[in-house]
Amino acid sequence: MISSVLIANRGEIAVRIIRGARECGVRTIAVYSEPDRLSPHVLEADEAYCIGPAASVDSYLRGETLIELAKTVGAEAIHPGYGFLAERADFAAAVEGAGLVFIGPTSDTIAAMGDKTEARRRMADSDVPIVPGLTDAVADADEAEKKATEIGYPVLLKASAGGGGKGMRVVEKPEDLTRAFEAASREALAAFGDGSVYIERYLARPRHIEIQVLGDAHGNTVHLGERECSIQRRHQKLVEEAPSSVLTEEERTAMGQAAVRAAEAVGYRGAGTIEFLYEDGEFFFLEMNTRIQVEHPVTEMVTGVDLVEWQLRIASGEKLTFTQSDVELTGHSIECRITSEDHLSGFLPSTGVITHLKIPTGPGVRWDGGVIEGSEVSLHYDPLLAKLVVHGADRKAAISRMSRALEELMVAGVETCAPLHRRVMEEQDFKAGALSIRYLDEHPELLEADAPEEMMIAATIAAALLEDEHRRGGPPRIKRPSSEPLNAWRRAVHPWGADRC
Ligand code: ADP
């Protein structure tokens, strides 16, 4: 096993990696930007080093500085987490070039999978079904128009170098194509330094279902079942669960086998995810993420496999100690992303200092968090504050447990989307497992504020609750009304937010 790891990340994933490394007896070295100096990942690591000011380009994205630091402090490996440098092939190559271990696949694999058209070509060559569309970027708007007609509207323009939904445009009709193409290309150029755009058919009501894979450096690859990530806002995930409520055992096996083929096609090493769109019993390759995913805990909960531990073991050259037939899915797990976003205002980011945080606990509840009371939430970083994860005997039990855990959760100081999660857990289609990536579009009522009067009453109760809790130093006597979104809590605590009620 490697002896030390520098974690080139922040927030909840840095904390998660520190925990995994600690359990493996690996020395943990954190890095942080100036405003992050009192963050949980800094406090929990064995050592921590400041790498620059708040802006990511001046801190967490300074690859060369991170490599220099790793060498100076004697780190044997670098774990990139997700985001930041995680899928930068040049960074992985530089880490290995410096004689350090990159915790992830080879730079060649990252490069191949990072280019969506190249990835689609490779998957098609390996008999993995891809979303109908092109495997090459289009040269200009004229070619885009021709190809879109061949593929059939609606189409989706996508950046070849894409990620995070950037450079993506849905086009419903031919007359909108040129403008959308130009916008997608511009956005892609700004975000990735590469304006190439290709075209896929835009599926009407697919589900997003992805397969977790693990491959070692000795030619062994297994999959760990699927995660359903259909509940999204702006094509980015909000709620994830494992297993999916829709897959039959045969479909699970077929998707798992396709994912293993996909991983083997690129000689995949480490933990990775093959994302698919699923519609009417058919599934299509979407992309491969060559890193740990935000939603990895739901897989851990149902398989009992510690993915971070296996990332470290595989990077240390160990062989997988289990085979496909050893992988069993037990019970059901759900993850809610607790982001500092106001779902009542189109998911606008919310900033401020977390003045109060009550973390849910109890049987089957896991909190992967990156903030504590006093943490400042700024616009510099991803709005993901924490992940609330539950495990239950079956889906119904997991939903009840998540509802209970969300009731316990209290965050004051910034808006979070926790109230939306509470509504989702109670919504009939969600309960029935009737999901698609359009779920939130089809349930606009979940994104509407309660009646103002109701909000004010709730805010008053919330204020009384907080006062009561503080005064008595114990649990509040008044029960929080279950219909009440937590946003009112913040508004009550911070009267300057009240005018938005
Ligand atoms: P990114 O890498 O930018 O996040 P992805 O290719 O992973 O983009 O797609 C993100 C989300 O966009 C998917 O989960 C899905 O909701 C939607 N999406 C992507 N491709 C299609 C498609 N061809 N048809 C319908 N929805 C799609």
# chains A, B, ... in the order shown; residues from 1 in each chain; ligands from 1
>>> select_by_dssp(residues="segment 219-390 of chain A", states="strand (DSSP E)", output="ChimeraX atom specification")
/A:221-233,236-242,270-279,282-289,332-339,341-342,348-349,352-353,356-358,365-369,376-377,384-390
>>> closest_atom_pairs(of="chain A", to="ligand 1", cutoff="9 Å", atoms="only C-alpha atoms and all ligand atoms", output="CSV")
residue,atom,partner,partner_atom_place_in_ligand_line,distance
A:Lys116,CA,ligand 1,6 (O),8.0
A:Val131,CA,ligand 1,23 (N),5.9
A:Pro132,CA,ligand 1,23 (N),7.7
A:Gly133,CA,ligand 1,23 (N),8.4
A:Pro154,CA,ligand 1,24 (N),8.9
A:Val155,CA,ligand 1,23 (N),7.3
A:Leu156,CA,ligand 1,23 (N),5.9
A:Leu157,CA,ligand 1,23 (N),8.7
A:Lys158,CA,ligand 1,6 (O),7.6
A:Ala159,CA,ligand 1,3 (O),7.8
A:Ala161,CA,ligand 1,2 (O),8.6
A:Gly162,CA,ligand 1,3 (O),5.1
A:Gly163,CA,ligand 1,3 (O),3.3
A:Gly164,CA,ligand 1,3 (O),4.0
A:Gly165,CA,ligand 1,3 (O),3.2
A:Lys166,CA,ligand 1,3 (O),5.5
A:Gly167,CA,ligand 1,3 (O),7.5
A:Met168,CA,ligand 1,3 (O),6.9
A:Val170,CA,ligand 1,25 (C),8.5
A:Ile199,CA,ligand 1,23 (N),8.4
A:Glu200,CA,ligand 1,23 (N),5.2
A:Arg201,CA,ligand 1,23 (N),5.1
A:Tyr202,CA,ligand 1,24 (N),3.6
A:Leu203,CA,ligand 1,24 (N),3.9
A:Ala204,CA,ligand 1,25 (C),6.4
A:Arg205,CA,ligand 1,25 (C),7.3
A:Pro206,CA,ligand 1,25 (C),6.5
A:Arg207,CA,ligand 1,16 (O),7.5
A:His208,CA,ligand 1,14 (O),5.2
A:Ile209,CA,ligand 1,14 (O),8.3
A:Cys229,CA,ligand 1,14 (O),7.3
A:Ser230,CA,ligand 1,16 (O),6.8
A:Ile231,CA,ligand 1,16 (O),8.4
A:Gln232,CA,ligand 1,16 (O),6.8
A:Arg233,CA,ligand 1,16 (O),8.5
A:Arg234,CA,ligand 1,12 (O),7.9
A:His235,CA,ligand 1,11 (C),4.3
A:Gln236,CA,ligand 1,11 (C),6.2
A:Lys237,CA,ligand 1,14 (O),7.2
A:Glu275,CA,ligand 1,7 (O),7.0
A:Phe276,CA,ligand 1,14 (O),8.1
A:Leu277,CA,ligand 1,15 (C),7.1
A:Phe284,CA,ligand 1,23 (N),8.9
A:Leu286,CA,ligand 1,6 (O),5.3
A:Glu287,CA,ligand 1,6 (O),5.8
A:Met288,CA,ligand 1,7 (O),8.2
A:Asn289,CA,ligand 1,2 (O),8.3
A:Ser436,CA,ligand 1,16 (O),8.5
A:Ile437,CA,ligand 1,16 (O),5.1
A:Arg438,CA,ligand 1,16 (O),7.8
>>> atom_distance(atom1="atom CA of Thr273 of chain A", atom2="atom CA of Gln212 of chain A")
4.7 Å
>>> closest_residue(among="A:Arg337, A:Phe181, A:Leu420, A:Glu250", to="Glu445 of chain A", atoms="only C-alpha atoms")
A:Leu420
>>> residues_around(residues="segment 99-113 of chain A", least_positions_apart="4", cutoff="6 Å", atoms="only C-alpha atoms", output="ChimeraX atom specification")
/A:76-79,89,92-93,95,119,266,269-270,315
>>> write_last_selection(atoms="C-alpha atoms", output="PDB file, in the first residue's frame")
ATOM      1  CA  GLU A  76       3.915   9.205  -2.723  1.00  0.00           C
ATOM      2  CA  ALA A  77       0.624   9.712  -4.559  1.00  0.00           C
ATOM      3  CA  ILE A  78      -1.876  12.392  -5.586  1.00  0.00           C
ATOM      4  CA  HIS A  79      -5.621  11.813  -5.393  1.00  0.00           C
ATOM      5  CA  ALA A  89      -4.904  13.986 -18.883  1.00  0.00           C
ATOM      6  CA  ALA A  92      -2.145  12.805 -14.705  1.00  0.00           C
ATOM      7  CA  ALA A  93       0.808  12.559 -17.093  1.00  0.00           C
ATOM      8  CA  VAL A  95       2.119  13.457 -11.861  1.00  0.00           C
ATOM      9  CA  ALA A 119     -15.179   7.888 -26.505  1.00  0.00           C
ATOM     10  CA  VAL A 266      -9.687   1.449 -22.748  1.00  0.00           C
ATOM     11  CA  ARG A 269      -7.561   1.088 -14.103  1.00  0.00           C
ATOM     12  CA  GLY A 270      -9.219   2.284 -10.892  1.00  0.00           C
ATOM     13  CA  ALA A 315      -3.057   2.497  -7.313  1.00  0.00           C
TER      14      ALA A 315
END
>>> residues_around(residues="segment 48-64 of chain A", least_positions_apart="2", cutoff="6 Å", atoms="only C-alpha atoms", output="list in words")
Ile29, Ala30, Val31, Tyr32, Ser33, Glu34, Val42, Leu66, Ile67, Phe84 and His380 of chain A
>>> closest_atom_pairs(of="segment 298-375 of chain A", to="segment 10-23 of chain A", cutoff="6 Å", atoms="only C-alpha atoms", output="CSV")
residue,atom,partner,partner_atom,distance
A:Val308,CA,A:Gly20,CA,5.7
A:Glu309,CA,A:Gly20,CA,5.6
A:Asp368,CA,A:Glu12,CA,5.9
A:Gly369,CA,A:Glu12,CA,4.7
A:Gly370,CA,A:Glu12,CA,3.8
>>> atom_distance(atom1="atom CA of Gly83 of chain A", atom2="atom CA of Arg186 of chain A")
21.4 Å
>>> atom_distance(atom1="atom CA of Leu385 of chain A", atom2="atom CA of Phe347 of chain A")
14.2 Å
>>> residues_around(residues="Arg179 of chain A", least_positions_apart="4", cutoff="12 Å", atoms="only C-alpha atoms", output="MDAnalysis selection string")
chainID A and resid 140:142 144:145 157 169:171 173:175 183:186
>>> closest_residue(among="A:Glu442, A:Glu251, A:Glu172, A:Glu415", to="Glu282 of chain A", atoms="only C-alpha atoms")
A:Glu251
>>> decode(residues="segment 79-100 of chain A", atoms="C-alpha atoms", output="PDB file, in the first residue's frame")
ATOM      1  CA  HIS A  79      -5.621  11.813  -5.393  1.00  0.00           C
ATOM      2  CA  PRO A  80      -7.482  14.336  -7.559  1.00  0.00           C
ATOM      3  CA  GLY A  81     -11.029  13.648  -6.234  1.00  0.00           C
ATOM      4  CA  TYR A  82     -13.569  14.881  -8.790  1.00  0.00           C
ATOM      5  CA  GLY A  83     -13.751  18.195 -10.626  1.00  0.00           C
ATOM      6  CA  PHE A  84     -10.676  20.456 -10.627  1.00  0.00           C
ATOM      7  CA  LEU A  85      -7.788  18.378 -12.066  1.00  0.00           C
ATOM      8  CA  ALA A  86      -9.459  14.961 -11.892  1.00  0.00           C
ATOM      9  CA  GLU A  87      -9.991  14.490 -15.615  1.00  0.00           C
ATOM     10  CA  ARG A  88      -7.035  16.446 -16.944  1.00  0.00           C
ATOM     11  CA  ALA A  89      -4.904  13.986 -18.883  1.00  0.00           C
ATOM     12  CA  ASP A  90      -1.970  16.415 -18.865  1.00  0.00           C
ATOM     13  CA  PHE A  91      -2.064  16.600 -15.060  1.00  0.00           C
ATOM     14  CA  ALA A  92      -2.145  12.805 -14.705  1.00  0.00           C
ATOM     15  CA  ALA A  93       0.808  12.559 -17.093  1.00  0.00           C
ATOM     16  CA  ALA A  94       2.739  15.244 -15.181  1.00  0.00           C
ATOM     17  CA  VAL A  95       2.119  13.457 -11.861  1.00  0.00           C
ATOM     18  CA  GLU A  96       3.423  10.181 -13.254  1.00  0.00           C
ATOM     19  CA  GLY A  97       6.265  12.039 -14.991  1.00  0.00           C
ATOM     20  CA  ALA A  98       7.318  13.412 -11.618  1.00  0.00           C
ATOM     21  CA  GLY A  99       7.630   9.875 -10.271  1.00  0.00           C
ATOM     22  CA  LEU A 100       4.429  10.077  -8.226  1.00  0.00           C
TER      23      LEU A 100
END
